[in-house]
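Heads up, the thing below is written out as structure tokens.
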4 protein chains.
Amino acid sequence: MSGSIFGKMFRISTFGESHGAALGVVVDGCPSNIPITLEDIMKNMNRRKPGNGQIGTTRKEADEVEILSGVFEGKTTGTPIALLIRNTNQRSGDYGKIKEIYRPSHADYTFDQKYGIRDYRGGGRSSGRETAARVAAGSIAKLFLEQLGITVTAYTRSIGSVMVEDTDLHLSEISQNPVSMPNNKVAQQALELIAKAREDKDSIGGTVECIVTGLKPGIGETVFNKLDASLAYAIMGIGGVKAFEIGEGIRAASMYGSEYNDGFCVKEGKVTKTTNHSGGILGGMSDGSDILLKAHFKPTPSIAQSQQTITTHLENTTIEITGRHDPVIVPRAVVVVESMVALTLADLILCDLGANIENIKKLYR
Amino acid sequence: MSGSIFGKMFRISTFGESHGAALGVVVDGCPSNIPITLEDIMKNMNRRKPGNGQIGTTRKEADEVEILSGVFEGKTTGTPIALLIRNTNQRSGDYGKIKEIYRPSHADYTFDQKYGIRDYRGGGRSSGRETAARVAAGSIAKLFLEQLGITVTAYTRSIGSVMVEDTDLHLSEISQNPVSMPNNKVAQQALELIAKAREDKDSIGGTVECIVTGLKPGIGETVFNKLDASLAYAIMGIGGVKAFEIGEGIRAASMYGSEYNDGFCVKEGKVTKTTNHSGGILGGMSDGSDILLKAHFKPTPSIAQSQQTITTHLENTTIEITGRHDPVIVPRAVVVVESMVALTLADLILCDLGANIENIKKLYR
Amino acid sequence: MSGSIFGKMFRISTFGESHGAALGVVVDGCPSNIPITLEDIMKNMNRRKPGNGQIGTTRKEADEVEILSGVFEGKTTGTPIALLIRNTNQRSGDYGKIKEIYRPSHADYTFDQKYGIRDYRGGGRSSGRETAARVAAGSIAKLFLEQLGITVTAYTRSIGSVMVEDTDLHLSEISQNPVSMPNNKVAQQALELIAKAREDKDSIGGTVECIVTGLKPGIGETVFNKLDASLAYAIMGIGGVKAFEIGEGIRAASMYGSEYNDGFCVKEGKVTKTTNHSGGILGGMSDGSDILLKAHFKPTPSIAQSQQTITTHLENTTIEITGRHDPVIVPRAVVVVESMVALTLADLILCDLGANIENIKKLYR
Amino acid sequence: MSGSIFGKMFRISTFGESHGAALGVVVDGCPSNIPITLEDIMKNMNRRKPGNGQIGTTRKEADEVEILSGVFEGKTTGTPIALLIRNTNQRSGDYGKIKEIYRPSHADYTFDQKYGIRDYRGGGRSSGRETAARVAAGSIAKLFLEQLGITVTAYTRSIGSVMVEDTDLHLSEISQNPVSMPNNKVAQQALELIAKAREDKDSIGGTVECIVTGLKPGIGETVFNKLDASLAYAIMGIGGVKAFEIGEGIRAASMYGSEYNDGFCVKEGKVTKTTNHSGGILGGMSDGSDILLKAHFKPTPSIAQSQQTITTHLENTTIEITGRHDPVIVPRAVVVVESMVALTLADLILCDLGANIENIKKLYR
């Protein structure tokens with residue numbers, strides 16, 4: 001089954017293993033005449049990079065992107081855009097010892113069960129490194145959405161038990177701290193938690209939140225192909241995500257209708273809602289309010305503590321996974337969430353409004 | 001965009017409005033030679049029916065299913081199976097007054113924004129009635145999965161604040177109470193909560209949980225088309241679902257790796273895990289453990305309390321939605337969740353193992 | 001594999017066997033607000049009906065269509081349109097004797113090889129009767145195209161060796177003779193040929209030609225999903241078609257570039273071509289000229305002459321297929337070709353211009 | 001619309017323009033554990049190369065392929081296989097003068113109409129150079145088919161009026177002449193015709209035929225997704241193909257049923273047919289006989305004779321296209337036809353038999 005292709009009209013096909021020659025993506029279906037520069041892409045790639053030693057892996061990933069096709073004189077041409085990212089800093093030696101062991105909470109075992117062969121030099125396609133191609137592709141989707149005045153903004157909402165409360169959200173601070181939290185003070189607490197986890201040879205989970213503004217009503221479909229279902233598919237397809245919420249999310253299940261329902265009202269001829277518990281989606285279609293969603297990530301699976309596991313020969317054993325691993329994946333995942341949301345929206349907008357950028361712009365306004 | 005088709009190989013195409021002539025579904029891609037009777041389908045349809053006056057709407061929906069094609073001498077033939085459900089008990093008169101009003105938390109507004117036309121006699125395609133076709137199709141998927149020894153079991157985990165705790169789960173009691181809870185005593189509390197909500201002209205949300213047993217390792221894909229992503233898409237596509245969890249779900253975000261990771265172990269030559277925080281999925285592929293997922297539903301949107309809203313002419317107004325409405329949708333949604341999970345698994349199994357039932361059976365064992 | 005679904009955005013899902021309860025189709029993705037009446041559909045259905053005893057089978061197929069969903073107050077709503085056609089005139093008794101015989105040039109043998117079960121009462125899904133659902137769906141596609149000023153006209157170009165020459169085409173005569181030929185005189189010769197074939201217990205093939213006018217330039221894609229490739233897929237998917245040509249077709253292979261190439265010229269500010277050897281398609285995209293294509297049909301497989309064949313128990317035997325069979329399928333296939341062309345164009349137009357009819361109309365002009 | 005992705009389960013995504021940085025393809029869905037070397041790929045790439053000065057362009061295209069992912073220790077891993085082909089020998093200078101002219105029979109005009117932007121340095125995505133990626137991908141499909149004992153063999157059947165007759169076919173001679181004809185003597189005549197066309201500043205069309213052996217019965221589907229329809233889609237998607245035939249093809253339209261029908265017979269317990277007019281397909285499914293198909297190519301559009309055309313500013317003008325152009329594309333297209341047939345078969349086999357190579361091998365025998 002071809003599981004590395006995403007989208008229906010704005011379609012991406014990714015490739016590459018953590019320890020192979022290269023990763024990359026082909027974007028097929030991007031409208032023509034969208035201005036694009038390598039800097040636009042690198043700006044997002046850099047946000048995905050491991051941070052300083054404080055929180056991330058000490059691996060250096062240059063992640064230089066090369067545009068191979070689909071761009072002419074600084075604009076997309078409507079033909080497939082291929083983006084190439086060479087792997088330059090793999091240390092396969094680090095991984096030799098896991099050749100014959102199934103790491104807990106990794107995909108080693110399921111990979112062998114499914115394919116009967118596995119690139120044991122790392123996570124292969126299941127490595128977080130795979131998301132580099134998503135971010136490269138997402139950059140292009142975001143450039144397209146920008147043309148329509150749509151913004152997609154993600155940030156770290158919580159790391160472990162350290163969470164930014166609703167009343168403490170300062171979106172302007174997201175870029176001011178290494179964990180991409182919308183609150184520098186809470187970010188400091190998160191950094192301490194991460195440092196402690198690293199010291200304990202442990203790892204920790206967290207939550208990414210994402211807001212979309214500027215989406216007009218009616219994007220998405222009524223039955224299976226709902227906007228929320230499509231976003232859930234996109235987000236749950238990111239490695240390590242264990243839960244997805246839209247609007248009130250889980251809290252909705254314990255609310256009364258009289259609390260939950262968003263009233264409509266008209267102000268100065270414009271339709272708004274008194275609240276936005278729905279997270280901007282009604283009946284699977286955007287309702288013109290902001291889209292609000294959350295992605296909940298499990299802790300990074302690789303920890304240096306001793307864990308019970310088995311060998312590929314089905315013998316019981318233990319493993320301590322040393323090496324350059326992130327104690328928390330969440331800050332680097334922020335731009336990945338943004339990318340998948342942007343790719344989903346670009347795809348659904350094309351489904352609704354067609355493939356011609358001039359036409360879409362007219363229709364969108 | 002054709003949003004009423006679901007699946008890649010085991011594919012369903014549903015149709016029908018709440019107040020039209022009929023609902024139904026075409027199942028294309030179901031393997032041949034699977035024994036099937038109308039009773040198999042009706043057994044599931046009956047679970048979706050409104051209950052007694054205690055919890056559900058007083059509407060009577062016979063939901064008689066007619067098999068139009070694809071079945072010969074009691075077996076599927078491999079050709080499309082069309083199932084027809086005539087609408088027999090619509091009272092369009094009830095809905096006349098909502099012709100020119102957008103009901104809060106319903107899809108009336110977004111429908112008009114997207115299509116510029118709306119069957120105002122009811123929810124149309126956005127009505128919960130649409131799920132009848134999913135349940136009919138899901139019955140066929142479940143018959144297919146039964147051939148492979150796979151079971152799919154859903155139940156009500158919570159209604160409002162009334163929840164069955166992990167330690168109180170008795171799956172044998174699910175069918176013994178009108179809210180399909182795996183605990184008769186908690187079910188009684190839930191019924192009281194529902195009665196109170198009805199009395200208050202209010203509605204209430206809740207959570208459905210689902211367990212899959214018997215799925216062999218390796219089903220699902222590594223990157224976008226992950227098993228968990230596919231399940232999330234299927235579940236978030238059910239009307240009213242606002243959050244999806246797999247395994248530990250949201251809790252994973254506040255856990256440490258040392259707590260969360262499931263150790264592997266070998267017992268009598270068989271691979272198992274010491275825990276199942278992952279919910280049976282690693283790297284997007286089934287790991288041989290039980291699949292565990294949760295669907296969180298918002299409260300039913302139609303309530304008899306007065307709500308602020310607008311007319312189709314964009315004037316502010318209020319509405320009290322009287323008529324035959326469920327104060328809670330969750331108990332009826334249990335079999336819908338089961339159906340969508342079964343359809344997703346059937347589709348992914350065909351993607352992996354092909355379309356021939358004899359071959360699949362051999363491969364599956 | 002789900003082989004009974006066609007299209008990407010304007011998508012149809014057909015069902016039904018020749019001797020089952022019913023045939024039908026679900027059209028998912030048709031834009032909203034397109035006026036539609038049952039008469040529009042029946043007009044096409046009637047063209048597919050067996051003619052008088054002179055050329056067609058003596059079976060009577062009422063082919064009454066019921067609209068089950070997706071239409072409200074005489075207009076499409078954007079939701080799936082389900083169309084139902086009950087089978088009323090099957091005589092299964094006629095087919096009992098072929099239960100254990102594989103008919104030459106039919107799909108009995110391949111059906112059994114693929115599915116291991118076969119509805120032996122007739123051709124099942126391989127029966128020409130399956131095309132009734134295509135014609136019903138095609139009617140809707142044609143109504144959509146009419147909104148854009150696009151016309152699709154097919155006719156019989158040849159039956160056996162009797163052919164209408166380029167210089168003798170009179171499109172106004174198509175509806176004036178029972179073989180749908182654009183020349184009444186040639187039609188008379190064709191009728192004589194058919195009568196002779198029937199007398200000889202034989203059958204005969206023929207060619208359907210189709211012209212599309214009003215298609216603006218740029219519909220279709222450059223690489224795999226070319227307009228000509230999509231049309232070929234649609235046409236070769238009609239039972240009995242053995243060859244497909246676009247523009248000059250086969251003749252192009254023996255032409256020189258200097259003969260074949262169509263010069264461009266500008267007349268009164270409008271781009272035209274000096275010739276149309278390309279059949280209206282350049283690089284997979286419509287070029288604004290008329291689309292011209294041909295579908296070549298093999299002779300009807302059922303003949304009353306004795307033929308060598310085998311039983312389902314793999315014994316050699318002979319068979320004479322008596323009963324109500326068309327000696328030629330071509331005249332009834334004319335509207336089927338038209339339908340598949342219309343469905344293909346509707347789908348590709350939606351891919352390019354989006355799903356909103358008001359927007360498409362604006363963009364189209 | 002994303003027109004550069006082909007296939008449903010064995011899926012390829014191609015990219016690259018004639019005068020960009022590179023061409024390439026991502027193959028997603030290829031089963032794991034298939035032995036593969038760069039030589040396997042280059043063997044096919046070399047067959048696509050321009051021949052000696054006698055027939056082909058004098059451009060030199062090294063077409064060195066780099067495997068970027070999906071292969072580990074000489075075997076496919078089941079993950080996407082990315083293949084990269086750098087452009088090394090473009091002379092953009094040659095093309096400067098066509099920046100503002102629409103070449104007849106090329107896609108310049110339709111490209112501008114569709115996308116509003118065009119890489120005027122050559123054919124861009126509409127260049128024959130695009131087929132390099134198809135051939136690279138097709139090599140992998142052929143390696144997969146080899147595992148099942150399926151062979152795909154294409155050759156030049158005719159060039160202009162020079163054709164190899166049925167009675168003169170010698171498949172062993174295909175590789176012995178520069179035009180890939182199965183008859184060295186006829187090949188000599190073809191070479192003379194080509195030389196004459198070149199001398200006359202003209203080009204010429206031709207026909208490629210393809211035979212598939214070893215395909216078991218039941219591959220393909222009964223209604224839309226027929227094996228012949230899928231092959232037609234694949235072949236008509238090759239630039240320059242104007243007609244597609246399966247089995248008797250066009251001749252079927254003038255045959256009688258008594259001539260055309262293939263009788264079944266059983267010989268030593270094995271089912272065969274007395275003839276193979278159907279070209280190995282019945283009811284859209286393979287019947288166990290050889291698949292026989294033909295692709296008819298138009299003459300190469302670029303000729304040095306003066307042609308009437310228009311500028312991008314819609315002024316009438318003339319053009320003489322000098323430069324390094326093939327007077328005939330057919331001999332180089334032989335391996336392209338083979339590749340598209342192989343890709344189609346690989347895809348349909350996976351749809352039927354699943355994605356696991358060990359399972360497919362078992363099922364196939």
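Each chain of the structure tokens is named A, B, ... in the order shown, its residues numbered from 1; ligands are numbered from 1 in display order.
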
task = Up to 12 Å from chain D, what residues of chain B turn up? Count only C-alpha atoms and give them as a count of residues only.
result = 36

I'd like the neighbourhood of stretch 212-215 of chain A as a CSV table (one decimal) with N, CA and C atoms, in the first residue's frame, where a residue qualifies if any of its atoms comes within 12 Å (using only C-alpha atoms), though same-chain residues fewer than 6 positions away should be ignored.
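Ended up saving to out36.csv:
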chain,number,residue,atom,x,y,z
A,142,LYS,N,1.9,26.6,2.6
A,142,LYS,CA,1.7,27.9,3.3
A,142,LYS,C,1.9,29.1,2.4
A,145,LEU,N,-1.5,29.4,0.8
A,145,LEU,CA,-2.5,29.9,1.7
A,145,LEU,C,-2.3,31.4,1.9
A,146,GLU,N,-1.0,31.8,2.0
A,146,GLU,CA,-0.8,33.2,2.2
A,146,GLU,C,-1.4,34.1,1.1
A,147,GLN,N,-1.4,33.6,-0.1
A,147,GLN,CA,-2.0,34.3,-1.2
A,147,GLN,C,-3.5,34.6,-0.9
A,148,LEU,N,-4.1,33.7,-0.1
A,148,LEU,CA,-5.5,33.9,0.2
A,148,LEU,C,-5.8,34.5,1.5
A,149,GLY,N,-4.7,34.9,2.2
A,149,GLY,CA,-4.9,35.6,3.5
A,149,GLY,C,-5.1,34.6,4.7
A,150,ILE,N,-4.8,33.4,4.5
A,150,ILE,CA,-5.0,32.4,5.5
A,150,ILE,C,-3.7,32.2,6.3
A,151,THR,N,-3.7,32.2,7.6
A,151,THR,CA,-2.5,32.0,8.4
A,151,THR,C,-2.7,30.7,9.2
A,152,VAL,N,-1.6,30.0,9.4
A,152,VAL,CA,-1.6,28.7,10.2
A,152,VAL,C,-0.5,28.9,11.2
A,153,THR,N,-0.9,28.9,12.5
A,153,THR,CA,0.1,29.1,13.6
A,153,THR,C,0.0,28.0,14.6
A,154,ALA,N,1.1,27.3,14.8
A,154,ALA,CA,1.1,26.3,15.9
A,154,ALA,C,2.1,26.7,16.9
A,227,LEU,N,-13.9,18.4,7.1
A,227,LEU,CA,-12.7,19.1,7.4
A,227,LEU,C,-12.0,18.6,8.7
A,231,LEU,N,-8.3,16.8,8.9
A,231,LEU,CA,-7.3,17.3,9.8
A,231,LEU,C,-6.8,16.3,10.8
A,246,ILE,N,-10.5,18.8,18.3
A,246,ILE,CA,-11.0,20.0,17.6
A,246,ILE,C,-11.9,20.8,18.5
A,247,GLY,N,-11.7,22.1,18.5
A,247,GLY,CA,-12.5,23.0,19.4
A,247,GLY,C,-12.4,22.5,20.8
A,279,GLY,N,-14.7,25.0,17.4
A,279,GLY,CA,-13.4,25.1,16.8
A,279,GLY,C,-13.5,25.4,15.3
A,280,GLY,N,-14.5,26.1,14.9
A,280,GLY,CA,-14.5,26.6,13.5
A,280,GLY,C,-15.1,25.7,12.5
A,281,ILE,N,-15.7,24.6,12.9
A,281,ILE,CA,-16.2,23.6,12.0
A,281,ILE,C,-17.6,23.2,12.4
A,285,MET,N,-17.7,21.3,7.8
A,285,MET,CA,-17.3,22.4,6.9
A,285,MET,C,-16.9,23.6,7.8
A,286,SER,N,-15.9,24.3,7.3
A,286,SER,CA,-15.5,25.5,8.0
A,286,SER,C,-16.7,26.5,8.2
A,287,ASP,N,-16.8,27.1,9.3
A,287,ASP,CA,-17.9,28.0,9.6
A,287,ASP,C,-17.4,29.5,9.5
A,288,GLY,N,-16.2,29.8,9.2
A,288,GLY,CA,-15.7,31.2,9.1
A,288,GLY,C,-15.0,31.6,10.4
A,289,SER,N,-15.2,30.9,11.5
A,289,SER,CA,-14.4,31.2,12.7
A,289,SER,C,-13.0,30.6,12.6
A,290,ASP,N,-12.2,30.9,13.6
A,290,ASP,CA,-10.9,30.3,13.6
A,290,ASP,C,-11.0,28.8,13.8
A,291,ILE,N,-10.1,28.1,13.1
A,291,ILE,CA,-10.0,26.6,13.4
A,291,ILE,C,-9.0,26.4,14.6
A,292,LEU,N,-9.4,25.6,15.5
A,292,LEU,CA,-8.6,25.4,16.7
A,292,LEU,C,-8.4,23.9,16.9
A,293,LEU,N,-7.2,23.4,16.9
A,293,LEU,CA,-7.0,22.0,17.1
A,293,LEU,C,-5.8,21.7,18.0
A,294,LYS,N,-5.8,20.5,18.5
A,294,LYS,CA,-4.7,20.1,19.4
A,294,LYS,C,-4.2,18.7,19.0
A,337,VAL,N,3.3,20.1,12.7
A,337,VAL,CA,1.8,20.2,12.8
A,337,VAL,C,1.3,21.3,11.8
A,338,GLU,N,2.0,22.5,11.9
A,338,GLU,CA,1.6,23.6,11.0
A,338,GLU,C,1.6,23.1,9.5
A,339,SER,N,2.7,22.3,9.2
A,339,SER,CA,2.8,21.9,7.8
A,339,SER,C,1.7,21.0,7.4
A,341,VAL,N,-1.3,20.8,8.7
A,341,VAL,CA,-2.6,21.5,8.6
A,341,VAL,C,-2.6,22.3,7.3
A,342,ALA,N,-1.5,23.0,7.0
A,342,ALA,CA,-1.5,23.7,5.7
A,342,ALA,C,-1.7,22.9,4.5
A,344,THR,N,-3.3,20.1,4.4
A,344,THR,CA,-4.7,19.6,4.4
A,344,THR,C,-5.6,20.7,3.8
A,345,LEU,N,-5.4,22.0,4.3
A,345,LEU,CA,-6.2,23.1,3.9
A,345,LEU,C,-6.0,23.3,2.4
A,346,ALA,N,-4.8,23.3,1.9
A,346,ALA,CA,-4.5,23.6,0.5
A,346,ALA,C,-5.3,22.6,-0.3
A,348,LEU,N,-8.0,20.8,0.4
A,348,LEU,CA,-9.5,20.9,0.4
A,348,LEU,C,-9.9,22.2,-0.3
A,349,ILE,N,-9.1,23.2,-0.3
A,349,ILE,CA,-9.4,24.4,-1.0
A,349,ILE,C,-9.4,24.2,-2.5
A,364,TYR,N,-12.1,33.5,-3.5
A,364,TYR,CA,-11.9,33.5,-2.1
A,364,TYR,C,-12.3,34.9,-1.5
A,365,ARG,N,-12.2,35.9,-2.3
A,365,ARG,CA,-12.6,37.2,-1.7
A,365,ARG,C,-14.1,37.5,-2.0

Exercise. Name the residues of stretch 13-127 of chain C that come out as helix (DSSP H, G or I) in a backbone DSSP run; write them as a list in words.
Key: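 Output for stretch 13-127 of chain C, helix (DSSP H, G or I) only: Leu38, Glu39, Asp40, Ile41, Met42, Lys43, Asn44, Met45, Asn46, Arg47, Arg48, Ser92, Gly93, Asp94, Tyr95, Gly96, Lys97, Ile98, Asp108, Tyr109, Thr110, Phe111, Asp112, Gln113, Lys114, Tyr115, Gly124, Arg125 and Ser126 of chain C.
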
Practice problem: Tell me, in Å to one decimal, how far atom CA of B:Gly24 is from atom CA of B:Ile238. | Solution: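 Atom-to-atom, atom CA of B:Gly24 to atom CA of B:Ile238, that is 16.3 Å.
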
note - atom CA of D:Asp262 and atom CA of D:His277 are separated by 6.4 Å

Exercise for the section: Figure out the distance between atom CA of C:Glu73 and atom CA of B:Asp112, please, to one decimal in Å. Expected result: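 Computing it gives 15.2 Å between the two atoms.
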
- Per DSSP on the backbone, what are the strand (DSSP E or B) residues of stretch 28-245 of chain A, as an MDAnalysis selection string? chainID A and resid 28 35 65:67 71:72 75:76 81:86 101:102 151:159 162:163 204 206:213 241:245

Would you export the selected residues with C-alpha atoms as a PDB file, in the first residue's frame, please?
ATOM      1  CA  ASP A  28       2.011  17.589  -7.442  1.00  0.00           C
ATOM      2  CA  PRO A  35       6.110  33.242  -5.894  1.00  0.00           C
ATOM      3  CA  VAL A  65      16.853  21.915   0.387  1.00  0.00           C
ATOM      4  CA  GLU A  66      17.387  21.798  -3.381  1.00  0.00           C
ATOM      5  CA  ILE A  67      14.500  22.653  -5.727  1.00  0.00           C
ATOM      6  CA  VAL A  71       9.728  26.426 -10.358  1.00  0.00           C
ATOM      7  CA  PHE A  72      10.664  28.819 -13.169  1.00  0.00           C
ATOM      8  CA  LYS A  75       7.315  31.112  -9.554  1.00  0.00           C
ATOM      9  CA  THR A  76       5.588  27.760  -9.474  1.00  0.00           C
ATOM     10  CA  ILE A  81       7.835  20.576  -7.496  1.00  0.00           C
ATOM     11  CA  ALA A  82      10.534  18.185  -6.320  1.00  0.00           C
ATOM     12  CA  LEU A  83      12.517  19.095  -3.206  1.00  0.00           C
ATOM     13  CA  LEU A  84      15.670  17.207  -2.255  1.00  0.00           C
ATOM     14  CA  ILE A  85      17.347  17.061   1.167  1.00  0.00           C
ATOM     15  CA  ARG A  86      20.633  15.162   1.297  1.00  0.00           C
ATOM     16  CA  ILE A 101      16.887  -5.813  18.880  1.00  0.00           C
ATOM     17  CA  TYR A 102      13.330  -4.490  18.760  1.00  0.00           C
ATOM     18  CA  THR A 151      -2.534  31.951   8.398  1.00  0.00           C
ATOM     19  CA  VAL A 152      -1.612  28.743  10.196  1.00  0.00           C
ATOM     20  CA  THR A 153       0.089  29.123  13.582  1.00  0.00           C
ATOM     21  CA  ALA A 154       1.117  26.284  15.857  1.00  0.00           C
ATOM     22  CA  TYR A 155       2.881  26.340  19.231  1.00  0.00           C
ATOM     23  CA  THR A 156       3.676  24.143  22.190  1.00  0.00           C
ATOM     24  CA  ARG A 157       0.766  24.183  24.591  1.00  0.00           C
ATOM     25  CA  SER A 158       2.230  21.795  27.168  1.00  0.00           C
ATOM     26  CA  ILE A 159       5.289  19.691  27.931  1.00  0.00           C
ATOM     27  CA  VAL A 162       3.808  22.143  32.377  1.00  0.00           C
ATOM     28  CA  MET A 163       1.020  23.829  30.461  1.00  0.00           C
ATOM     29  CA  ILE A 204       8.539  13.413  28.146  1.00  0.00           C
ATOM     30  CA  GLY A 206       3.501  17.213  25.288  1.00  0.00           C
ATOM     31  CA  THR A 207       0.812  18.986  23.306  1.00  0.00           C
ATOM     32  CA  VAL A 208       0.894  21.179  20.202  1.00  0.00           C
ATOM     33  CA  GLU A 209      -1.974  23.542  19.495  1.00  0.00           C
ATOM     34  CA  CYS A 210      -2.734  25.125  16.132  1.00  0.00           C
ATOM     35  CA  ILE A 211      -4.883  28.082  15.075  1.00  0.00           C
ATOM     36  CA  VAL A 212      -6.004  28.823  11.518  1.00  0.00           C
ATOM     37  CA  THR A 213      -7.343  32.274  10.668  1.00  0.00           C
ATOM     38  CA  VAL A 241       0.603  11.660  18.082  1.00  0.00           C
ATOM     39  CA  LYS A 242      -1.853   9.731  20.286  1.00  0.00           C
ATOM     40  CA  ALA A 243      -4.844  12.075  20.390  1.00  0.00           C
ATOM     41  CA  PHE A 244      -6.503  14.770  18.304  1.00  0.00           C
ATOM     42  CA  GLU A 245      -8.963  17.422  19.441  1.00  0.00           C
TER      43      GLU A 245
END

Surrounding residues of stretch 199-203 of chain C excluding itself and chain neighbours under 2 positions, 10 Å, only C-alpha atoms, as number ranges by chain: C: 160, 193-197, 205, 298-306, 320-322, 325-329; D: 255-260
